[in-house]
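Heads up: the structure comes next, in C-alpha cells.
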Amino acid sequence: MQAQAESKHSSEGGGRAVRLRSFGGPEALEVHRVPAPGAGPGQVRVRVTAAGLNPMDWVMTADADTAARFGLTLPVGFGTDYAGVIDQVGEGVTGFAPGDRVFGGALSRAVADLVVVDARGDTAADEVHHTPEGVDDRTAATLTIAGRTAAAALAALGCGSGSGSGSGAQSNPGLGLGPDDTVLIGGAGGGVGVFAVQLARIAGARVIGTGSAASADHLHSLGAEPVTYGDGLTDRVRALAPEGITAALDLHGVDTVHAARELGVPDARICTIAAQIEGVPAANGANAAPGALEEIAALIAAGRLRVPVAATFPIDEIRRATELQAARHVRGKVVIDL
C-alpha cells in the first residue's frame with residue numbers, strides 16, 4: 001500500500017514532506033502536509049525539485065537506537081540528498097540569493113517540498129552548494145552522501161607509503177591514487193561505487209571492480225574491469241592483475257578487504273565504509289575534504305563524470321522507491337521528483 005500524498009502547496013501555505021511517526025521500514029513512511037519552515041539568520045530555504053535516496057536514509061530511521069546515534073527523534077523526516085531552487089534567504093547570508101539553483105544535504109528531511117539549511121554548513125547533515133550549469137537537478141540530488149563518501153574513501157588510500165607517486169597523484173592531491181596504482185573496488189556498481197570508480201580513473205588509476213556477472217557491462221561503462229565477487233575472488237583478481245594491486249576499497253562488507261590482504265596490499269592502503277576492521281582505515285562522508293562536492297559537480301558539468309539514475313518516483317510512491325533502493329540490486333541512483 002502506497003503512502004497517501006497531499007497535493008502540492010505554495011511556499012507560503014506549506015507543502016508536502018515524508019514523515020515517520022514510528023521507526024521502521026518503508027511501511028512507516030507517510031506523506032504529510034506540513035507548515036512552511038522559515039529561513040532564520042544564516043540560513044536559506046530551498047524549494048526542492050529532486051531528492052536522492054541512499055542506504056543510510058532507511059538504516060538510520062529503522063530503529064530508535066540507530067536513530068539516536070544520528071540525533072533523530074520522532075516524528076522524523078526522511079532522506080538527505082536534495083536539489084532545488086532557493087526561495088528565501090535569512091539575515092546575514094551572503095553568496096546565495098532567491099532563484100539560485102542549489103544542491104546539498106539536509107539530514108533526514110530532504111524528501112519535502114521545502115527544506116531549510118545552514119548557508120555555511122559543511123557536512124552532509126546541513127549544507128548547500130551552487131549547482132553548476134550543465135548539471136540537472138536529478139543528478140545534483142544524487143551527489144552529497146555518495147560523492148562525499150567516495151571522495152573520503154579514496155583520499156584515505158593516500159596514507160600508505162605506496163600511494164601513487166606519479167604525475168596523476170600530484171595533480172589530484174585530494175585522492176590517494178595515481179597512474180601507478182591498480183585499485184580493487186568492492187561493490188563498484190553501487191551508489192558510492194559509481195563515484196569511486198570514475199574518480200579513481202580520472203586520477204589515472206587502473207580499476208578492477210567487483211560485482212555480479214550480470215553487472216559486467218555496467219562496470220565496463222564506468223571504466224572498471226569487472227570481476228565477480230564471491231569464493232575465488234583472490235584468484236580471479238590475481239589472473240586479471242598478475243603484477244598485483246596497490247590499493248583497495250571495500251564499499252560493501254569485508255570480502256574485498258580479505259582479498260586485498262591476501263594479495264599483499266598493506267592495511268594503510270585499504271579502506272572500508274561499511275565495516276570496522278582492526279588496522280584498516282574507515283571513511284565516511286564527514287571525512288571528505290572541503291570542496292570535494294564542488295569538484296565532483298564540476299567534473300559532471302564538464303562531461304568527465306556521469307551519474308546513472310536508475311529510477312525516478314513521485315513523492316507519493318516513496319515506499320516503492322525505498323523498497324527498490326533498499327534491495328541493493330539497482331544499478332545507479334534512485335531519485336524522488338517533487
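Lettering and numbering for the C-alpha cells are positional, with chains as A, B, ... in the shown order, residues counted from 1 in each chain, and ligands counted from 1 in the shown order.
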Could you give me, as a Markdown table, a per-residue list for stretch 92-179 of chain A showing, wherever an atom lies at most 12 Å from an atom of stretch 41-53 of chain A, the closest pair of atoms and their distance in Å to one decimal, using only C-alpha atoms and sorting by chain then residue number from low to high?
| residue | atom | partner | partner_atom | distance |
| --- | --- | --- | --- | --- |
| A:Gly92 | CA | A:Gly42 | CA | 5.5 |
| A:Val93 | CA | A:Gly42 | CA | 5.1 |
| A:Thr94 | CA | A:Gly42 | CA | 8.5 |
| A:Gly95 | CA | A:Val44 | CA | 10.7 |
| A:Phe96 | CA | A:Val44 | CA | 7.9 |
| A:Ala97 | CA | A:Val44 | CA | 8.5 |
| A:Pro98 | CA | A:Val44 | CA | 8.8 |
| A:Gly99 | CA | A:Val46 | CA | 9.4 |
| A:Asp100 | CA | A:Val46 | CA | 9.2 |
| A:Arg101 | CA | A:Val46 | CA | 8.9 |
| A:Val102 | CA | A:Val46 | CA | 7.9 |
| A:Phe103 | CA | A:Val46 | CA | 8.9 |
| A:Gly104 | CA | A:Ala51 | CA | 9.8 |
| A:Gly105 | CA | A:Ala51 | CA | 9.6 |
| A:Ala106 | CA | A:Ala51 | CA | 10.1 |
| A:Leu107 | CA | A:Leu53 | CA | 11.6 |
| A:Ser108 | CA | A:Leu53 | CA | 10.5 |
| A:Arg109 | CA | A:Ala51 | CA | 9.8 |
| A:Ala110 | CA | A:Ala51 | CA | 6.2 |
| A:Val111 | CA | A:Ala51 | CA | 5.7 |
| A:Ala112 | CA | A:Val48 | CA | 6.7 |
| A:Asp113 | CA | A:Val48 | CA | 5.2 |
| A:Leu114 | CA | A:Arg47 | CA | 4.8 |
| A:Val115 | CA | A:Val46 | CA | 5.4 |
| A:Val116 | CA | A:Arg45 | CA | 4.4 |
| A:Val117 | CA | A:Gln43 | CA | 5.5 |
| A:Asp118 | CA | A:Gln43 | CA | 4.5 |
| A:Ala119 | CA | A:Gln43 | CA | 5.1 |
| A:Arg120 | CA | A:Gly42 | CA | 7.3 |
| A:Gly121 | CA | A:Gln43 | CA | 9.2 |
| A:Asp126 | CA | A:Gln43 | CA | 10.0 |
| A:Glu127 | CA | A:Gln43 | CA | 9.7 |
| A:Val128 | CA | A:Val44 | CA | 8.5 |
| A:His129 | CA | A:Val44 | CA | 11.1 |
| A:His130 | CA | A:Val46 | CA | 11.7 |
| A:Asp136 | CA | A:Ala50 | CA | 9.8 |
| A:Asp137 | CA | A:Ala50 | CA | 6.3 |
| A:Arg138 | CA | A:Ala50 | CA | 5.6 |
| A:Thr139 | CA | A:Gly52 | CA | 8.5 |
| A:Ala140 | CA | A:Ala50 | CA | 8.3 |
| A:Ala141 | CA | A:Gly52 | CA | 5.0 |
| A:Thr142 | CA | A:Gly52 | CA | 4.8 |
| A:Leu143 | CA | A:Gly52 | CA | 8.1 |
| A:Thr144 | CA | A:Gly52 | CA | 9.0 |
| A:Ile145 | CA | A:Leu53 | CA | 9.2 |
| A:Ala146 | CA | A:Leu53 | CA | 9.9 |
| A:Gly147 | CA | A:Gly52 | CA | 11.9 |
Selected residues written out with N, CA and C atoms, as a compact mmCIF listing (two decimals), in the first residue's frame:
# COMPACT_ATOMS: atom_id res chain seq x y z
N GLY A 92 21.89 37.94 7.10
CA GLY A 92 23.32 37.71 7.19
C GLY A 92 23.89 36.75 6.17
N VAL A 93 23.05 36.21 5.31
CA VAL A 93 23.54 35.26 4.30
C VAL A 93 24.16 36.01 3.14
N THR A 94 25.34 35.58 2.73
CA THR A 94 25.97 36.12 1.54
C THR A 94 26.30 34.98 0.59
N GLY A 95 26.36 35.27 -0.69
CA GLY A 95 26.73 34.26 -1.68
C GLY A 95 25.57 33.47 -2.23
N PHE A 96 24.37 33.65 -1.67
CA PHE A 96 23.18 32.96 -2.16
C PHE A 96 22.04 33.96 -2.26
N ALA A 97 21.16 33.74 -3.25
CA ALA A 97 20.03 34.64 -3.45
C ALA A 97 18.84 33.83 -3.96
N PRO A 98 17.62 34.35 -3.73
CA PRO A 98 16.45 33.66 -4.28
C PRO A 98 16.60 33.45 -5.78
N GLY A 99 16.24 32.26 -6.23
CA GLY A 99 16.38 31.91 -7.64
C GLY A 99 17.62 31.10 -7.96
N ASP A 100 18.57 31.06 -7.04
CA ASP A 100 19.79 30.27 -7.27
C ASP A 100 19.46 28.78 -7.25
N ARG A 101 19.99 28.05 -8.23
CA ARG A 101 19.89 26.59 -8.22
C ARG A 101 20.97 26.04 -7.28
N VAL A 102 20.56 25.12 -6.40
CA VAL A 102 21.48 24.61 -5.40
C VAL A 102 21.26 23.12 -5.16
N PHE A 103 22.25 22.50 -4.49
CA PHE A 103 22.12 21.12 -4.05
C PHE A 103 22.87 20.98 -2.73
N GLY A 104 22.63 19.87 -2.04
CA GLY A 104 23.35 19.66 -0.79
C GLY A 104 22.73 18.59 0.06
N GLY A 105 22.89 18.72 1.39
CA GLY A 105 22.40 17.72 2.32
C GLY A 105 21.55 18.34 3.41
N ALA A 106 20.48 17.65 3.77
CA ALA A 106 19.59 18.04 4.86
C ALA A 106 19.22 16.76 5.59
N LEU A 107 19.94 16.45 6.66
CA LEU A 107 19.85 15.13 7.28
C LEU A 107 18.42 14.75 7.67
N SER A 108 17.95 13.66 7.08
CA SER A 108 16.64 13.07 7.35
C SER A 108 15.50 14.07 7.25
N ARG A 109 15.58 14.94 6.24
CA ARG A 109 14.48 15.86 6.00
C ARG A 109 14.40 16.32 4.54
N ALA A 110 15.15 15.69 3.64
CA ALA A 110 15.27 16.19 2.27
C ALA A 110 14.07 15.89 1.40
N VAL A 111 13.33 14.80 1.68
CA VAL A 111 12.18 14.47 0.82
C VAL A 111 11.00 15.30 1.29
N ALA A 112 10.99 16.53 0.82
CA ALA A 112 9.99 17.52 1.22
C ALA A 112 9.99 18.63 0.19
N ASP A 113 8.87 19.34 0.10
CA ASP A 113 8.82 20.45 -0.85
C ASP A 113 9.76 21.58 -0.45
N LEU A 114 9.96 21.79 0.86
CA LEU A 114 10.78 22.88 1.36
C LEU A 114 11.73 22.37 2.44
N VAL A 115 13.01 22.76 2.34
CA VAL A 115 13.97 22.45 3.41
C VAL A 115 14.75 23.72 3.73
N VAL A 116 15.14 23.83 5.00
CA VAL A 116 15.95 24.95 5.44
C VAL A 116 17.32 24.40 5.84
N VAL A 117 18.37 25.03 5.35
CA VAL A 117 19.74 24.58 5.63
C VAL A 117 20.63 25.77 5.98
N ASP A 118 21.73 25.46 6.62
CA ASP A 118 22.72 26.46 7.00
C ASP A 118 23.54 26.86 5.77
N ALA A 119 23.54 28.13 5.45
CA ALA A 119 24.26 28.60 4.26
C ALA A 119 25.76 28.36 4.36
N ARG A 120 26.29 28.20 5.59
CA ARG A 120 27.72 27.96 5.76
C ARG A 120 28.00 26.53 6.21
N GLY A 121 26.99 25.67 6.18
CA GLY A 121 27.17 24.30 6.60
C GLY A 121 28.16 23.57 5.72
N ASP A 126 23.81 19.22 6.79
CA ASP A 126 23.30 20.59 6.71
C ASP A 126 24.23 21.40 5.81
N GLU A 127 23.99 21.39 4.50
CA GLU A 127 24.87 22.14 3.61
C GLU A 127 24.17 22.49 2.31
N VAL A 128 24.73 23.49 1.62
CA VAL A 128 24.17 23.95 0.35
C VAL A 128 25.31 24.40 -0.55
N HIS A 129 25.18 24.07 -1.84
CA HIS A 129 26.19 24.42 -2.84
C HIS A 129 25.47 24.87 -4.11
N HIS A 130 26.11 25.75 -4.85
CA HIS A 130 25.56 26.15 -6.14
C HIS A 130 25.63 24.99 -7.13
N ASP A 136 21.88 18.74 -14.21
CA ASP A 136 20.44 18.80 -13.97
C ASP A 136 20.13 18.49 -12.51
N ASP A 137 18.92 18.83 -12.07
CA ASP A 137 18.58 18.69 -10.66
C ASP A 137 18.54 17.23 -10.20
N ARG A 138 18.09 16.33 -11.04
CA ARG A 138 18.08 14.92 -10.64
C ARG A 138 19.49 14.43 -10.34
N THR A 139 20.43 14.79 -11.20
CA THR A 139 21.82 14.39 -10.97
C THR A 139 22.38 15.07 -9.72
N ALA A 140 22.12 16.36 -9.58
CA ALA A 140 22.62 17.09 -8.42
C ALA A 140 22.10 16.49 -7.12
N ALA A 141 20.89 15.95 -7.17
CA ALA A 141 20.28 15.37 -5.96
C ALA A 141 20.87 14.02 -5.58
N THR A 142 21.84 13.52 -6.33
CA THR A 142 22.47 12.23 -6.00
C THR A 142 23.88 12.39 -5.43
N LEU A 143 24.36 13.62 -5.29
CA LEU A 143 25.79 13.81 -5.08
C LEU A 143 26.27 13.80 -3.64
N THR A 144 25.49 14.29 -2.71
CA THR A 144 26.05 14.64 -1.40
C THR A 144 26.58 13.44 -0.62
N ILE A 145 25.73 12.47 -0.30
CA ILE A 145 26.18 11.35 0.52
C ILE A 145 27.19 10.49 -0.23
N ALA A 146 26.82 10.02 -1.43
CA ALA A 146 27.70 9.11 -2.16
C ALA A 146 28.97 9.81 -2.63
N GLY A 147 28.86 11.04 -3.11
CA GLY A 147 30.04 11.76 -3.58
C GLY A 147 31.02 12.04 -2.45
7 Å contact set for A:Ala274, only C-alpha atoms, chain neighbours under 4 positions out, as a PDB file with N, CA, C and O atoms, in the first residue's frame:
ATOM      1  N   LEU A 251      33.391  -1.297  -0.388  1.00  0.00           N
ATOM      2  CA  LEU A 251      32.210  -0.452  -0.248  1.00  0.00           C
ATOM      3  C   LEU A 251      30.979  -1.246   0.140  1.00  0.00           C
ATOM      4  O   LEU A 251      29.877  -0.699   0.169  1.00  0.00           O
ATOM      5  N   HIS A 252      31.175  -2.525   0.470  1.00  0.00           N
ATOM      6  CA  HIS A 252      30.026  -3.377   0.766  1.00  0.00           C
ATOM      7  C   HIS A 252      30.149  -4.093   2.107  1.00  0.00           C
ATOM      8  O   HIS A 252      29.227  -4.064   2.912  1.00  0.00           O
ATOM      9  N   GLY A 253      31.279  -4.739   2.364  1.00  0.00           N
ATOM     10  CA  GLY A 253      31.431  -5.517   3.585  1.00  0.00           C
ATOM     11  C   GLY A 253      32.890  -5.697   3.920  1.00  0.00           C
ATOM     12  O   GLY A 253      33.611  -4.726   4.159  1.00  0.00           O
TER      13      GLY A 253
END
Shell of 10 Å around A:Asp267, only C-alpha atoms, local chain residues under 3 positions omitted, as a PyMOL selection string = chain A and resi 157+159-160+247-248+257+260-261+264+270-271+277-281
Can I get the selected residues back with N, CA and C atoms, as a PDB file, in the first residue's frame?
ATOM      1  N   LEU A 157      43.241   6.384   0.979  1.00  0.00           N
ATOM      2  CA  LEU A 157      44.241   5.488   0.412  1.00  0.00           C
ATOM      3  C   LEU A 157      45.604   6.147   0.289  1.00  0.00           C
ATOM      4  N   CYS A 159      47.318   7.453   2.598  1.00  0.00           N
ATOM      5  CA  CYS A 159      48.132   7.445   3.813  1.00  0.00           C
ATOM      6  C   CYS A 159      49.212   6.374   3.790  1.00  0.00           C
ATOM      7  N   GLY A 160      49.212   5.504   2.788  1.00  0.00           N
ATOM      8  CA  GLY A 160      50.218   4.440   2.730  1.00  0.00           C
ATOM      9  C   GLY A 160      51.464   4.895   2.002  1.00  0.00           C
ATOM     10  N   ALA A 247      46.055  -0.984  -4.027  1.00  0.00           N
ATOM     11  CA  ALA A 247      45.116  -0.376  -3.088  1.00  0.00           C
ATOM     12  C   ALA A 247      43.763  -1.055  -3.242  1.00  0.00           C
ATOM     13  N   ALA A 248      42.896  -0.864  -2.253  1.00  0.00           N
ATOM     14  CA  ALA A 248      41.569  -1.480  -2.312  1.00  0.00           C
ATOM     15  C   ALA A 248      40.560  -0.682  -1.498  1.00  0.00           C
ATOM     16  N   VAL A 257      38.372  -6.581   1.520  1.00  0.00           N
ATOM     17  CA  VAL A 257      39.499  -6.384   2.443  1.00  0.00           C
ATOM     18  C   VAL A 257      40.313  -7.664   2.547  1.00  0.00           C
ATOM     19  N   ALA A 260      42.291  -8.288  -0.636  1.00  0.00           N
ATOM     20  CA  ALA A 260      43.418  -7.361  -0.778  1.00  0.00           C
ATOM     21  C   ALA A 260      44.574  -7.759   0.126  1.00  0.00           C
ATOM     22  N   ARG A 261      44.249  -8.149   1.345  1.00  0.00           N
ATOM     23  CA  ARG A 261      45.311  -8.601   2.254  1.00  0.00           C
ATOM     24  C   ARG A 261      46.020  -9.834   1.700  1.00  0.00           C
ATOM     25  N   GLY A 264      48.570  -8.997  -0.758  1.00  0.00           N
ATOM     26  CA  GLY A 264      49.737  -8.262  -0.292  1.00  0.00           C
ATOM     27  C   GLY A 264      49.571  -6.764  -0.151  1.00  0.00           C
ATOM     28  N   ILE A 270      44.128   0.189   2.267  1.00  0.00           N
ATOM     29  CA  ILE A 270      42.804  -0.415   2.151  1.00  0.00           C
ATOM     30  C   ILE A 270      41.844   0.484   2.931  1.00  0.00           C
ATOM     31  N   CYS A 271      40.633   0.633   2.456  1.00  0.00           N
ATOM     32  CA  CYS A 271      39.664   1.460   3.168  1.00  0.00           C
ATOM     33  C   CYS A 271      38.287   0.808   3.106  1.00  0.00           C
ATOM     34  N   ILE A 277      37.361  -2.902  10.657  1.00  0.00           N
ATOM     35  CA  ILE A 277      38.342  -3.978  10.727  1.00  0.00           C
ATOM     36  C   ILE A 277      39.615  -3.408  11.337  1.00  0.00           C
ATOM     37  N   GLU A 278      40.106  -4.031  12.364  1.00  0.00           N
ATOM     38  CA  GLU A 278      41.286  -3.528  13.056  1.00  0.00           C
ATOM     39  C   GLU A 278      42.446  -3.347  12.080  1.00  0.00           C
ATOM     40  N   GLY A 279      43.038  -2.169  12.111  1.00  0.00           N
ATOM     41  CA  GLY A 279      44.187  -1.864  11.276  1.00  0.00           C
ATOM     42  C   GLY A 279      43.852  -1.258   9.930  1.00  0.00           C
ATOM     43  N   VAL A 280      42.574  -1.347   9.530  1.00  0.00           N
ATOM     44  CA  VAL A 280      42.161  -0.847   8.214  1.00  0.00           C
ATOM     45  C   VAL A 280      41.427   0.488   8.377  1.00  0.00           C
ATOM     46  N   PRO A 281      41.862   1.543   7.671  1.00  0.00           N
ATOM     47  CA  PRO A 281      41.156   2.824   7.767  1.00  0.00           C
ATOM     48  C   PRO A 281      39.703   2.701   7.314  1.00  0.00           C
TER      49      PRO A 281
END
Within 6 Å of stretch 202-216 of chain A, counting only C-alpha atoms, which residues show up once you throw out same-chain ones fewer than 4 positions away? Write them as a ChimeraX atom specification, please.
-> /A:168,178-179,181-188,224-229
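Distances here use only C-alpha atoms; by that measure, the residue among A:Phe78, A:Ala200, A:Thr256, A:Gly15 closest to A:Val59 is A:Phe78.
Listed by chain and then by rising number, the residues of stretch 251-313 of chain A that DSSP assigns to helix (DSSP H, G or I) from the backbone are Asp255, Thr256, Val257, His258, Ala259, Ala260, Arg261, Glu262, Asp267, Ala268, Arg269, Gly285, Ala286, Asn287, Ala292, Leu293, Glu294, Glu295, Ile296, Ala297, Ala298, Leu299, Ile300 and Ala301 of chain A.
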Please produce an output containing C-alpha atoms for each residue in the selection, written as a PDB file, in the first residue's frame.
ATOM      1  CA  ASP A 255      35.366  -9.694   1.394  1.00  0.00           C
ATOM      2  CA  THR A 256      37.380  -7.179  -0.608  1.00  0.00           C
ATOM      3  CA  VAL A 257      39.499  -6.384   2.443  1.00  0.00           C
ATOM      4  CA  HIS A 258      40.369 -10.065   2.889  1.00  0.00           C
ATOM      5  CA  ALA A 259      41.204 -10.447  -0.805  1.00  0.00           C
ATOM      6  CA  ALA A 260      43.418  -7.361  -0.778  1.00  0.00           C
ATOM      7  CA  ARG A 261      45.311  -8.601   2.254  1.00  0.00           C
ATOM      8  CA  GLU A 262      45.874 -11.974   0.575  1.00  0.00           C
ATOM      9  CA  ASP A 267      46.305  -2.177   5.563  1.00  0.00           C
ATOM     10  CA  ALA A 268      47.118   1.519   5.193  1.00  0.00           C
ATOM     11  CA  ARG A 269      46.123   1.311   1.519  1.00  0.00           C
ATOM     12  CA  GLY A 285      31.228  11.422   4.081  1.00  0.00           C
ATOM     13  CA  ALA A 286      32.061  13.557   7.106  1.00  0.00           C
ATOM     14  CA  ASN A 287      35.756  12.979   6.310  1.00  0.00           C
ATOM     15  CA  ALA A 292      35.043  17.802  -2.692  1.00  0.00           C
ATOM     16  CA  LEU A 293      31.417  18.154  -3.762  1.00  0.00           C
ATOM     17  CA  GLU A 294      32.066  21.241  -5.849  1.00  0.00           C
ATOM     18  CA  GLU A 295      34.881  19.380  -7.620  1.00  0.00           C
ATOM     19  CA  ILE A 296      32.603  16.419  -8.359  1.00  0.00           C
ATOM     20  CA  ALA A 297      29.849  18.699  -9.660  1.00  0.00           C
ATOM     21  CA  ALA A 298      32.376  20.482 -11.888  1.00  0.00           C
ATOM     22  CA  LEU A 299      33.530  17.134 -13.322  1.00  0.00           C
ATOM     23  CA  ILE A 300      29.912  16.280 -14.154  1.00  0.00           C
ATOM     24  CA  ALA A 301      29.355  19.681 -15.771  1.00  0.00           C
TER      25      ALA A 301
END
Hey, which of A:Thr80, A:Thr61, A:Thr131, A:Thr66 ends up closest to A:Ile336? Count only C-alpha atoms.
-> A:Thr80
Could you find all residues in stretch 80-196 of chain A that DSSP calls strand (DSSP E) from the backbone, and write them as a count of residues only?
-> 32
Computed gap from atom CA of A:Pro314 to atom CA of A:Arg21 is 20.9 Å
Selection near A:Gly223, 8 Å with only C-alpha atoms, sequence-local residues under 6 positions removed, as a ChimeraX atom specification = /A:197-198,201,207
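The space between atom CA of A:Leu233 and atom CA of A:Leu249 spans 14.3 Å.
With only C-alpha atoms as the atoms that count, the residue of A:Ala62, A:Val334, A:Met56, A:Val265 with the shortest distance to A:Glu27 is A:Ala62.
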Select, from A:Ala125, A:Ala150, A:Leu219, A:Pro75, the residue with the minimum atom-to-atom distance to A:Ala283, counting only C-alpha atoms.
-> A:Ala150
